[in-house]
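A.B. asks: I'd like to ask some things about the structure below.
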Amino acid sequence: MDFWLDPLVQGILLGGLYALFAAGLSLIFGVMRLVNIAHGDLIVLSAYMALTTSVTLGLHPLAALVLVVPFMAVVGYVLQRFLLNHTMGGDLLPPLLVTFGLSVIIQNALLMGYSADPQKLKAGALETASIAAGPVSVGVLPLILFVTAVVVIGLLQWMFYHTALGRAFRATSDRQDIVQLMGINRAHVFGLAMALALAVTALAGVFLGIRTSFDPAVGGSRLIFGFEAVIIGGLGNIWGTLAGGVILGIAQTLGAKIDPGFQVQAGHLVFLIILAIRPRGLFPRID
Amino acid sequence: MADALLDINGLDAFYHDFQALYGVDMQVSQGDVIAVIGANGAGKTTLMRAVTGFLKSRAEAIRWKGQAIGALRVDQIASLGIALVPEGRLLFPSLSVEENLIIGGQLKRKGPWNLKRLYSLFPILEERRNVPATALSGGQQQMVAIGRALMSNPELIMMDEISLGLAPVIIKSIYEALPSIVGEGMTAIIVEQDITKALAVSTRVFCLQEGRISLSGNSADVSRDAISRAYFGV
C-alpha cells in the first residue's frame, strides 16, 4: 500500500505546479478566447528573471518573487495592449500565430542571453527539507508550492465572483462587444487579464526553477502540461483546473513508479482517455 | 440647432464596401422621445450602431452637446451618458440578474436610477435577482436589458426593437413602464416595427428607407398615408 501512497502524495503536490501553469492559460482563454502558445516560454522567462534577480541582488528565489511577479504583470499588460490586442477580433488564428512567433523569439532571446546550459534556482536548505507524515515523507517545498497553488486559485475564484474586475472579466468573456456599452474599455480589460495571468505565470516559473533545472527549450512541454490540466478540469472552471493539475500530477508520478521512462507518457495517456470519454473535461462550467 | 443634445449631420455608414446609411440628419433635443421606424434592413439598427460607436463614422457626423463623437470608442461614448438597449437584449449569461444591473451602473454616473428604484419599477427582478439572467423569460430579460441601460443614469437612452419576439401582453406591460422612465426629462430614441406603438409613445418620428430618412415630423401630425409612402417607398 505504501508503495502507491508515496507517489500519490507526490503527484498531488506536483499537481499544484501544473495548476499554476494552467491557471494563467485558463484565465486568458476564458476572458478573451486567446490561445497563448508562448505561455510555456513565459514561464521559463519568469524563471530566468528570477535567476538574474536572485544572483545579482543575492536574494532567495522566493524573495525574488516580490520583483518578478510585478515585472511579469507589467510585461503582460504591455504585451497585450501594444501587440496582442491588434491581432484580436473574430478569428482565433492571428493571435495564435503571433503568440507562436513570440514563443520562438523568447526562446532564442534566452539562448542568446543565457546560453543553452541548464540553470537552477538555488533555494538552499528548503530544497531538501521534508516532514514525515505517517508512512510518507513530504517535501517542504512541494508542500509550499501546493498551498500556494490552492491559495492562488482560491483568490482567482474570489476575484472572479466578488469583485468589479471579476464581473468585468466574466461579462467580457460573455459578450466582448456589449460589455463596452457599460463604459468598459475592452482593450484595458484584456491588458489586465494578461497582467494577472503573467503574474501567476511568474509564480509558476519560480517554483519550476527551484524544483528542477531549466533551459530555454523547456517551455513547450510546460505549455502542454498546462493545456492538459485545463482540459482535464474543464474549460472555464478554475477549481477544475486545480483538479486537472492534480490528476495529471498523479498520473505522472504513478507512471514513473511503473517505469521512470513512462512518467510523461502516463500523463498524456490519462489526458487522452479523459478527452475521449469527457470531451468537455471532468468539471465543465454549467451554463 | 445649437441646443441639440444629439446632432446627427450627414451621417454615412458602411459595412466594408456596402453603404447602409446615406446622409442621415437627425436633431434630438433634451426631453424628446424620438421614434425611428422603417422596414427590415432600412438602417435603423445601423443608426444605433453608429451613434453608440460600434460603427465608426466621420467625427463631425455625430455631435453630442456640440462635441464631435463620431470617431470615439464605444466605452467613451457610453461614459458621456448615451445608453443602448440592444436588439435581442444580449444580457451577460454568466452574470446573475443583479450583476447584470450592477455592471450597467459600473460608470457610477449620478442620477435617479439605482437598484432600489429599478426593483420598484420591475418587482419581479428583485424576486429573481440571484438567478442567471438567461434563466428568465423573454419579457423579464427585456426588463433586465432596460434596467441595465438605466443603471448608468444616461441622458439619452436608445431602445432597439424592445418588443421583438415578446408576447403582446408583455409588450404592453413594458410600454406601460416607459412613461415612468422617460417622464423625468430623459431623452429617448425608440426603434420600433409597430408603428401604432411608436407613434403613441413618441413626440417626433423619423422613418428610414433604404438608408435614407424618408419622413420626419411630429408624431401627432404625420398621416398614415405619409407613413405608408415613407415606409414602403410607394
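If you're wondering about the labels, chains in the C-alpha cells are A, B, ... by order shown, residues count from 1 in each chain, ligands from 1 in order shown.
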With a cut-off of 7 Å and counting only C-alpha atoms, select all residues of chain B in contact with chain A and give the selection as a list of chain:residue names.
C.D. replies: B:Val74, B:Asp75, B:Gln76, B:Ala78, B:Ser79, B:Ala83, B:Phe92, B:Pro93, B:Ser94, B:Ile103, B:Gly104, B:Gln106, B:Leu107
A.B. asks: Set the distance at 10 Å and use only C-alpha atoms: which residues neighbour range 214-225 of chain B once local chain neighbours fewer than 6 positions away are removed? I'd like the list as a list in words.
C.D. replies: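 The residues that qualify are Val24, Met26, Val33, Ile34, Ala35, Val36, Ile37, Gly38, Ile195, Thr196, Ala198, Leu199, Ala200, Val201, Ser202, Thr203, Arg204, Val205, Phe206, Cys207, Leu208, Tyr231, Phe232 and Gly233 of chain B.
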A.B. asks: Output as a CSV table (one decimal) with N, CA and C atoms, in the first residue's frame all residues of range 12-190 of chain A that backbone DSSP marks as alpha helix (DSSP H).
C.D. replies:
```
chain,number,residue,atom,x,y,z
A,12,ILE,N,0.0,14.5,-6.1
A,12,ILE,CA,-1.0,15.6,-5.7
A,12,ILE,C,-0.2,16.9,-5.6
A,13,LEU,N,0.9,16.9,-4.9
A,13,LEU,CA,1.7,18.1,-4.7
A,13,LEU,C,2.2,18.6,-6.0
A,14,LEU,N,2.7,17.7,-6.9
A,14,LEU,CA,3.2,18.2,-8.3
A,14,LEU,C,2.0,18.8,-9.0
A,15,GLY,N,0.8,18.3,-8.8
A,15,GLY,CA,-0.4,18.9,-9.4
A,15,GLY,C,-0.5,20.4,-9.2
A,16,GLY,N,-0.1,20.8,-8.0
A,16,GLY,CA,-0.1,22.2,-7.7
A,16,GLY,C,0.6,23.1,-8.7
A,17,LEU,N,1.8,22.6,-9.1
A,17,LEU,CA,2.6,23.3,-10.1
A,17,LEU,C,1.9,23.3,-11.4
A,18,TYR,N,1.3,22.2,-11.8
A,18,TYR,CA,0.6,22.2,-13.1
A,18,TYR,C,-0.6,23.1,-13.1
A,19,ALA,N,-1.2,23.1,-11.9
A,19,ALA,CA,-2.4,24.0,-11.8
A,19,ALA,C,-1.9,25.5,-12.0
A,20,LEU,N,-0.7,25.8,-11.4
A,20,LEU,CA,-0.2,27.2,-11.6
A,20,LEU,C,0.1,27.4,-13.1
A,21,PHE,N,0.7,26.4,-13.8
A,21,PHE,CA,0.9,26.5,-15.2
A,21,PHE,C,-0.4,26.8,-15.9
A,22,ALA,N,-1.5,26.1,-15.5
A,22,ALA,CA,-2.7,26.1,-16.2
A,22,ALA,C,-3.6,27.4,-15.9
A,23,ALA,N,-3.4,27.9,-14.7
A,23,ALA,CA,-4.4,29.0,-14.3
A,23,ALA,C,-4.3,30.2,-15.2
A,24,GLY,N,-3.0,30.6,-15.6
A,24,GLY,CA,-2.9,31.7,-16.5
A,24,GLY,C,-3.5,31.5,-17.9
A,25,LEU,N,-3.2,30.2,-18.4
A,25,LEU,CA,-3.8,29.9,-19.7
A,25,LEU,C,-5.3,29.9,-19.7
A,26,SER,N,-5.8,29.4,-18.6
A,26,SER,CA,-7.3,29.3,-18.4
A,26,SER,C,-7.9,30.7,-18.4
A,27,LEU,N,-7.2,31.5,-17.6
A,27,LEU,CA,-7.7,32.9,-17.4
A,27,LEU,C,-7.8,33.7,-18.7
A,28,ILE,N,-6.7,33.6,-19.5
A,28,ILE,CA,-6.7,34.4,-20.7
A,28,ILE,C,-7.6,33.8,-21.8
A,29,PHE,N,-7.7,32.5,-21.8
A,29,PHE,CA,-8.6,31.9,-22.8
A,29,PHE,C,-10.0,32.2,-22.4
A,30,GLY,N,-10.3,32.1,-21.1
A,30,GLY,CA,-11.7,32.4,-20.6
A,30,GLY,C,-12.1,33.8,-20.9
A,31,VAL,N,-11.3,34.8,-20.6
A,31,VAL,CA,-11.7,36.1,-20.7
A,31,VAL,C,-11.7,36.6,-22.2
A,32,MET,N,-10.7,36.2,-23.0
A,32,MET,CA,-10.6,36.8,-24.3
A,32,MET,C,-10.4,35.8,-25.4
A,39,HIS,N,2.9,30.7,-23.7
A,39,HIS,CA,2.7,30.6,-22.2
A,39,HIS,C,3.9,29.8,-21.6
A,40,GLY,N,4.2,28.7,-22.1
A,40,GLY,CA,5.3,27.9,-21.5
A,40,GLY,C,6.6,28.7,-21.5
A,41,ASP,N,6.9,29.4,-22.6
A,41,ASP,CA,8.1,30.2,-22.7
A,41,ASP,C,8.1,31.4,-21.7
A,42,LEU,N,6.9,31.9,-21.5
A,42,LEU,CA,6.8,33.0,-20.5
A,42,LEU,C,7.1,32.5,-19.1
A,43,ILE,N,6.7,31.2,-18.8
A,43,ILE,CA,7.0,30.6,-17.6
A,43,ILE,C,8.5,30.5,-17.4
A,44,VAL,N,9.2,30.0,-18.5
A,44,VAL,CA,10.7,29.9,-18.5
A,44,VAL,C,11.3,31.3,-18.3
A,45,LEU,N,10.8,32.2,-19.1
A,45,LEU,CA,11.3,33.6,-19.0
A,45,LEU,C,11.2,34.1,-17.5
A,46,SER,N,10.1,33.8,-16.8
A,46,SER,CA,10.0,34.2,-15.4
A,46,SER,C,11.1,33.5,-14.6
A,47,ALA,N,11.4,32.3,-14.9
A,47,ALA,CA,12.4,31.6,-14.1
A,47,ALA,C,13.8,32.2,-14.3
A,48,TYR,N,14.1,32.6,-15.6
A,48,TYR,CA,15.3,33.3,-15.8
A,48,TYR,C,15.4,34.7,-15.2
A,49,MET,N,14.2,35.4,-15.2
A,49,MET,CA,14.2,36.7,-14.5
A,49,MET,C,14.5,36.5,-13.0
A,50,ALA,N,13.9,35.4,-12.4
A,50,ALA,CA,14.2,35.2,-11.0
A,50,ALA,C,15.7,34.8,-10.8
A,51,LEU,N,16.2,34.1,-11.8
A,51,LEU,CA,17.7,33.7,-11.7
A,51,LEU,C,18.5,35.0,-11.6
A,52,THR,N,18.3,35.9,-12.6
A,52,THR,CA,19.1,37.1,-12.6
A,52,THR,C,18.9,38.0,-11.4
A,53,THR,N,17.6,38.1,-10.9
A,53,THR,CA,17.3,38.9,-9.7
A,53,THR,C,18.0,38.3,-8.5
A,54,SER,N,17.9,37.0,-8.4
A,54,SER,CA,18.4,36.4,-7.1
A,54,SER,C,19.9,36.4,-7.1
A,55,VAL,N,20.6,36.2,-8.3
A,55,VAL,CA,22.0,36.2,-8.4
A,55,VAL,C,22.6,37.6,-8.2
A,56,THR,N,22.0,38.6,-8.9
A,56,THR,CA,22.6,39.9,-8.8
A,56,THR,C,22.3,40.6,-7.5
A,57,LEU,N,21.1,40.3,-6.9
A,57,LEU,CA,20.8,41.0,-5.6
A,57,LEU,C,21.1,40.1,-4.4
A,61,PRO,N,15.4,32.9,-4.1
A,61,PRO,CA,14.5,32.9,-5.2
A,61,PRO,C,13.0,33.2,-4.8
A,62,LEU,N,12.6,32.7,-3.7
A,62,LEU,CA,11.2,33.0,-3.3
A,62,LEU,C,11.0,34.5,-3.0
A,63,ALA,N,12.1,35.1,-2.4
A,63,ALA,CA,12.1,36.6,-2.2
A,63,ALA,C,12.1,37.4,-3.5
A,64,ALA,N,12.7,36.8,-4.5
A,64,ALA,CA,12.8,37.4,-5.8
A,64,ALA,C,11.4,37.5,-6.4
A,65,LEU,N,10.4,36.7,-6.0
A,65,LEU,CA,9.0,36.8,-6.4
A,65,LEU,C,8.5,38.2,-6.3
A,66,VAL,N,8.9,38.9,-5.2
A,66,VAL,CA,8.4,40.3,-5.0
A,66,VAL,C,8.7,41.2,-6.2
A,67,LEU,N,9.8,40.9,-6.9
A,67,LEU,CA,10.1,41.7,-8.1
A,67,LEU,C,9.6,41.1,-9.3
A,68,VAL,N,9.8,39.8,-9.4
A,68,VAL,CA,9.4,39.1,-10.7
A,68,VAL,C,7.9,39.1,-11.0
A,69,VAL,N,7.1,38.9,-10.0
A,69,VAL,CA,5.7,38.9,-10.2
A,69,VAL,C,5.2,40.3,-10.8
A,70,PRO,N,5.5,41.4,-10.1
A,70,PRO,CA,5.0,42.7,-10.7
A,70,PRO,C,5.7,42.9,-12.1
A,71,PHE,N,6.9,42.5,-12.3
A,71,PHE,CA,7.6,42.7,-13.6
A,71,PHE,C,6.8,42.0,-14.7
A,72,MET,N,6.5,40.7,-14.4
A,72,MET,CA,5.8,39.9,-15.4
A,72,MET,C,4.4,40.5,-15.7
A,73,ALA,N,3.8,41.0,-14.6
A,73,ALA,CA,2.5,41.6,-14.8
A,73,ALA,C,2.5,42.8,-15.7
A,74,VAL,N,3.5,43.6,-15.6
A,74,VAL,CA,3.7,44.8,-16.5
A,74,VAL,C,4.0,44.3,-17.9
A,75,VAL,N,4.9,43.3,-18.0
A,75,VAL,CA,5.2,42.7,-19.3
A,75,VAL,C,3.8,42.2,-20.0
A,76,GLY,N,3.0,41.6,-19.2
A,76,GLY,CA,1.7,41.1,-19.7
A,76,GLY,C,0.8,42.2,-20.2
A,77,TYR,N,0.7,43.3,-19.4
A,77,TYR,CA,-0.2,44.4,-19.8
A,77,TYR,C,0.3,45.0,-21.1
A,78,VAL,N,1.7,45.3,-21.1
A,78,VAL,CA,2.2,45.9,-22.3
A,78,VAL,C,2.1,45.1,-23.6
A,79,LEU,N,2.4,43.8,-23.4
A,79,LEU,CA,2.3,42.8,-24.5
A,79,LEU,C,0.9,42.8,-25.0
A,80,GLN,N,-0.1,42.8,-24.1
A,80,GLN,CA,-1.5,42.7,-24.6
A,80,GLN,C,-1.9,44.0,-25.3
A,81,ARG,N,-1.7,45.1,-24.6
A,81,ARG,CA,-2.2,46.4,-25.1
A,81,ARG,C,-1.5,46.8,-26.4
A,82,PHE,N,-0.2,46.5,-26.5
A,82,PHE,CA,0.6,47.1,-27.7
A,82,PHE,C,0.9,46.0,-28.8
A,93,LEU,N,-7.2,32.6,-35.2
A,93,LEU,CA,-5.9,32.2,-35.8
A,93,LEU,C,-4.8,33.3,-35.7
A,94,PRO,N,-5.1,34.6,-36.0
A,94,PRO,CA,-4.0,35.6,-35.9
A,94,PRO,C,-3.3,35.7,-34.6
A,95,PRO,N,-4.1,35.8,-33.5
A,95,PRO,CA,-3.3,35.9,-32.2
A,95,PRO,C,-2.6,34.6,-31.9
A,96,LEU,N,-3.1,33.5,-32.3
A,96,LEU,CA,-2.4,32.2,-32.1
A,96,LEU,C,-1.1,32.2,-32.8
A,97,LEU,N,-1.1,32.7,-34.0
A,97,LEU,CA,0.2,32.7,-34.8
A,97,LEU,C,1.2,33.7,-34.2
A,98,VAL,N,0.7,34.8,-33.7
A,98,VAL,CA,1.6,35.9,-33.1
A,98,VAL,C,2.2,35.3,-31.9
A,99,THR,N,1.4,34.6,-31.0
A,99,THR,CA,2.0,34.1,-29.8
A,99,THR,C,3.0,32.9,-30.2
A,100,PHE,N,2.7,32.2,-31.2
A,100,PHE,CA,3.7,31.2,-31.7
A,100,PHE,C,5.0,31.9,-32.0
A,101,GLY,N,4.9,33.0,-32.8
A,101,GLY,CA,6.1,33.8,-33.1
A,101,GLY,C,6.8,34.3,-31.8
A,102,LEU,N,6.0,34.7,-30.9
A,102,LEU,CA,6.6,35.2,-29.6
A,102,LEU,C,7.3,34.1,-28.9
A,103,SER,N,6.8,32.9,-29.0
A,103,SER,CA,7.4,31.8,-28.4
A,103,SER,C,8.8,31.6,-28.9
A,104,VAL,N,8.9,31.6,-30.3
A,104,VAL,CA,10.2,31.5,-30.9
A,104,VAL,C,11.2,32.6,-30.5
A,105,ILE,N,10.7,33.8,-30.5
A,105,ILE,CA,11.5,34.9,-30.1
A,105,ILE,C,12.0,34.8,-28.7
A,106,ILE,N,11.1,34.5,-27.7
A,106,ILE,CA,11.6,34.3,-26.3
A,106,ILE,C,12.6,33.3,-26.2
A,107,GLN,N,12.4,32.1,-26.8
A,107,GLN,CA,13.4,31.0,-26.7
A,107,GLN,C,14.7,31.4,-27.2
A,108,ASN,N,14.7,32.1,-28.4
A,108,ASN,CA,16.0,32.5,-28.9
A,108,ASN,C,16.7,33.6,-28.2
A,109,ALA,N,15.9,34.5,-27.7
A,109,ALA,CA,16.5,35.6,-26.9
A,109,ALA,C,17.1,35.0,-25.6
A,110,LEU,N,16.4,34.0,-25.0
A,110,LEU,CA,17.0,33.4,-23.8
A,110,LEU,C,18.3,32.6,-24.1
A,111,LEU,N,18.3,32.0,-25.3
A,111,LEU,CA,19.5,31.3,-25.7
A,111,LEU,C,20.7,32.2,-25.9
A,112,MET,N,20.4,33.4,-26.5
A,112,MET,CA,21.5,34.4,-26.7
A,112,MET,C,21.9,35.0,-25.3
A,113,GLY,N,21.0,35.2,-24.4
A,113,GLY,CA,21.3,35.9,-23.2
A,113,GLY,C,21.9,34.9,-22.2
A,114,TYR,N,21.4,33.7,-22.1
A,114,TYR,CA,21.8,32.8,-21.0
A,114,TYR,C,22.5,31.5,-21.5
A,140,VAL,N,9.1,19.9,2.0
A,140,VAL,CA,8.5,21.2,2.4
A,140,VAL,C,8.2,22.1,1.2
A,141,LEU,N,9.1,22.1,0.2
A,141,LEU,CA,9.0,22.9,-1.0
A,141,LEU,C,7.7,22.5,-1.8
A,142,PRO,N,7.5,21.2,-2.1
A,142,PRO,CA,6.3,20.8,-2.8
A,142,PRO,C,5.1,21.2,-2.0
A,143,LEU,N,5.2,21.2,-0.7
A,143,LEU,CA,4.0,21.5,0.1
A,143,LEU,C,3.7,23.0,0.0
A,144,ILE,N,4.8,23.8,0.1
A,144,ILE,CA,4.6,25.3,-0.1
A,144,ILE,C,4.0,25.6,-1.4
A,145,LEU,N,4.5,24.9,-2.4
A,145,LEU,CA,4.0,25.0,-3.8
A,145,LEU,C,2.5,24.7,-3.9
A,146,PHE,N,2.1,23.6,-3.3
A,146,PHE,CA,0.7,23.2,-3.4
A,146,PHE,C,-0.2,24.2,-2.7
A,147,VAL,N,0.3,24.6,-1.5
A,147,VAL,CA,-0.6,25.5,-0.7
A,147,VAL,C,-0.7,26.8,-1.5
A,148,THR,N,0.4,27.3,-2.1
A,148,THR,CA,0.4,28.5,-2.9
A,148,THR,C,-0.6,28.3,-4.1
A,149,ALA,N,-0.6,27.2,-4.7
A,149,ALA,CA,-1.5,27.0,-5.9
A,149,ALA,C,-2.9,27.1,-5.4
A,150,VAL,N,-3.2,26.4,-4.2
A,150,VAL,CA,-4.6,26.4,-3.7
A,150,VAL,C,-5.0,27.9,-3.4
A,151,VAL,N,-4.1,28.6,-2.8
A,151,VAL,CA,-4.4,30.0,-2.4
A,151,VAL,C,-4.6,30.8,-3.6
A,152,VAL,N,-3.7,30.7,-4.6
A,152,VAL,CA,-3.9,31.5,-5.9
A,152,VAL,C,-5.2,31.2,-6.5
A,153,ILE,N,-5.5,29.9,-6.6
A,153,ILE,CA,-6.8,29.6,-7.3
A,153,ILE,C,-8.0,30.1,-6.5
A,154,GLY,N,-7.9,29.9,-5.2
A,154,GLY,CA,-9.0,30.5,-4.4
A,154,GLY,C,-9.1,32.0,-4.5
A,155,LEU,N,-8.0,32.7,-4.6
A,155,LEU,CA,-8.1,34.1,-4.8
A,155,LEU,C,-8.6,34.5,-6.2
A,156,LEU,N,-8.2,33.7,-7.2
A,156,LEU,CA,-8.8,34.0,-8.6
A,156,LEU,C,-10.3,33.8,-8.6
A,157,GLN,N,-10.7,32.7,-7.9
A,157,GLN,CA,-12.1,32.4,-7.9
A,157,GLN,C,-12.9,33.5,-7.1
A,158,TRP,N,-12.3,34.0,-6.0
A,158,TRP,CA,-12.9,35.1,-5.3
A,158,TRP,C,-13.0,36.3,-6.1
A,159,MET,N,-11.9,36.6,-6.8
A,159,MET,CA,-11.8,37.8,-7.6
A,159,MET,C,-12.9,37.7,-8.7
A,160,PHE,N,-13.0,36.6,-9.4
A,160,PHE,CA,-14.0,36.4,-10.5
A,160,PHE,C,-15.4,36.6,-10.0
A,161,TYR,N,-15.8,36.2,-8.8
A,161,TYR,CA,-17.2,36.2,-8.4
A,161,TYR,C,-17.5,37.3,-7.4
A,162,HIS,N,-16.5,38.0,-6.9
A,162,HIS,CA,-16.9,39.0,-5.8
A,162,HIS,C,-16.3,40.4,-6.0
A,164,ALA,N,-15.5,43.9,-8.8
A,164,ALA,CA,-16.0,44.6,-10.1
A,164,ALA,C,-15.1,44.1,-11.2
A,165,LEU,N,-13.8,43.9,-11.0
A,165,LEU,CA,-12.9,43.4,-12.0
A,165,LEU,C,-13.4,42.0,-12.5
A,166,GLY,N,-13.7,41.2,-11.6
A,166,GLY,CA,-14.1,39.8,-11.9
A,166,GLY,C,-15.4,39.8,-12.8
A,167,ARG,N,-16.3,40.7,-12.3
A,167,ARG,CA,-17.5,40.9,-13.1
A,167,ARG,C,-17.3,41.3,-14.5
A,168,ALA,N,-16.3,42.3,-14.6
A,168,ALA,CA,-16.0,42.8,-16.0
A,168,ALA,C,-15.3,41.7,-16.8
A,169,PHE,N,-14.5,40.8,-16.1
A,169,PHE,CA,-13.9,39.7,-16.8
A,169,PHE,C,-15.0,38.7,-17.4
A,170,ARG,N,-15.9,38.4,-16.5
A,170,ARG,CA,-17.0,37.5,-16.9
A,170,ARG,C,-17.9,38.0,-18.0
A,171,ALA,N,-18.2,39.3,-17.8
A,171,ALA,CA,-19.1,40.0,-18.8
A,171,ALA,C,-18.3,40.0,-20.2
A,172,THR,N,-17.0,40.3,-20.1
A,172,THR,CA,-16.2,40.4,-21.4
A,172,THR,C,-16.2,39.0,-22.0
A,173,SER,N,-16.0,38.0,-21.2
A,173,SER,CA,-16.0,36.7,-21.7
A,173,SER,C,-17.3,36.3,-22.4
A,174,ASP,N,-18.4,36.8,-21.8
A,174,ASP,CA,-19.7,36.5,-22.4
A,174,ASP,C,-19.9,37.3,-23.7
A,186,ARG,N,-12.5,47.7,-23.4
A,186,ARG,CA,-12.2,46.3,-23.6
A,186,ARG,C,-10.6,46.1,-23.7
A,187,ALA,N,-10.0,47.0,-24.4
A,187,ALA,CA,-8.5,46.8,-24.5
A,187,ALA,C,-7.8,46.8,-23.1
A,188,HIS,N,-8.3,47.7,-22.2
A,188,HIS,CA,-7.8,47.7,-20.9
A,188,HIS,C,-8.1,46.5,-20.1
A,189,VAL,N,-9.3,46.0,-20.2
A,189,VAL,CA,-9.7,44.7,-19.5
A,189,VAL,C,-8.8,43.6,-20.0
A,190,PHE,N,-8.6,43.5,-21.3
A,190,PHE,CA,-7.7,42.5,-21.9
A,190,PHE,C,-6.3,42.6,-21.3
```
A.B. asks: Using the chain letters and numbers from this document, which residues of range 100-226 of chain B does DSSP assign to strand (DSSP E or B), as a PyMOL selection string?
C.D. replies: chain B and resi 132+156-160+187-191+204-209+212-218
A.B. asks: To one decimal in Å, tell me the separation between CA of Leu6 in chain B and CA of Arg117 in chain B.
C.D. replies: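 Separation of CA of Leu6 in chain B and CA of Arg117 in chain B: 26.9 Å.
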A.B. asks: As an exercise, work out the distance from CA of Gln30 in chain B to CA of Leu55 in chain B in Å and give it to one decimal place.
C.D. replies: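 Computing it gives 24.1 Å between the two atoms.
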A.B. asks: So which one's closest to Asp7 in chain B, B:Arg212, B:Ala50, B:Gly66, B:Arg58? Using only C-alpha atoms, please.
C.D. replies: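 Closest to Asp7 in chain B, using only C-alpha atoms: B:Gly66.
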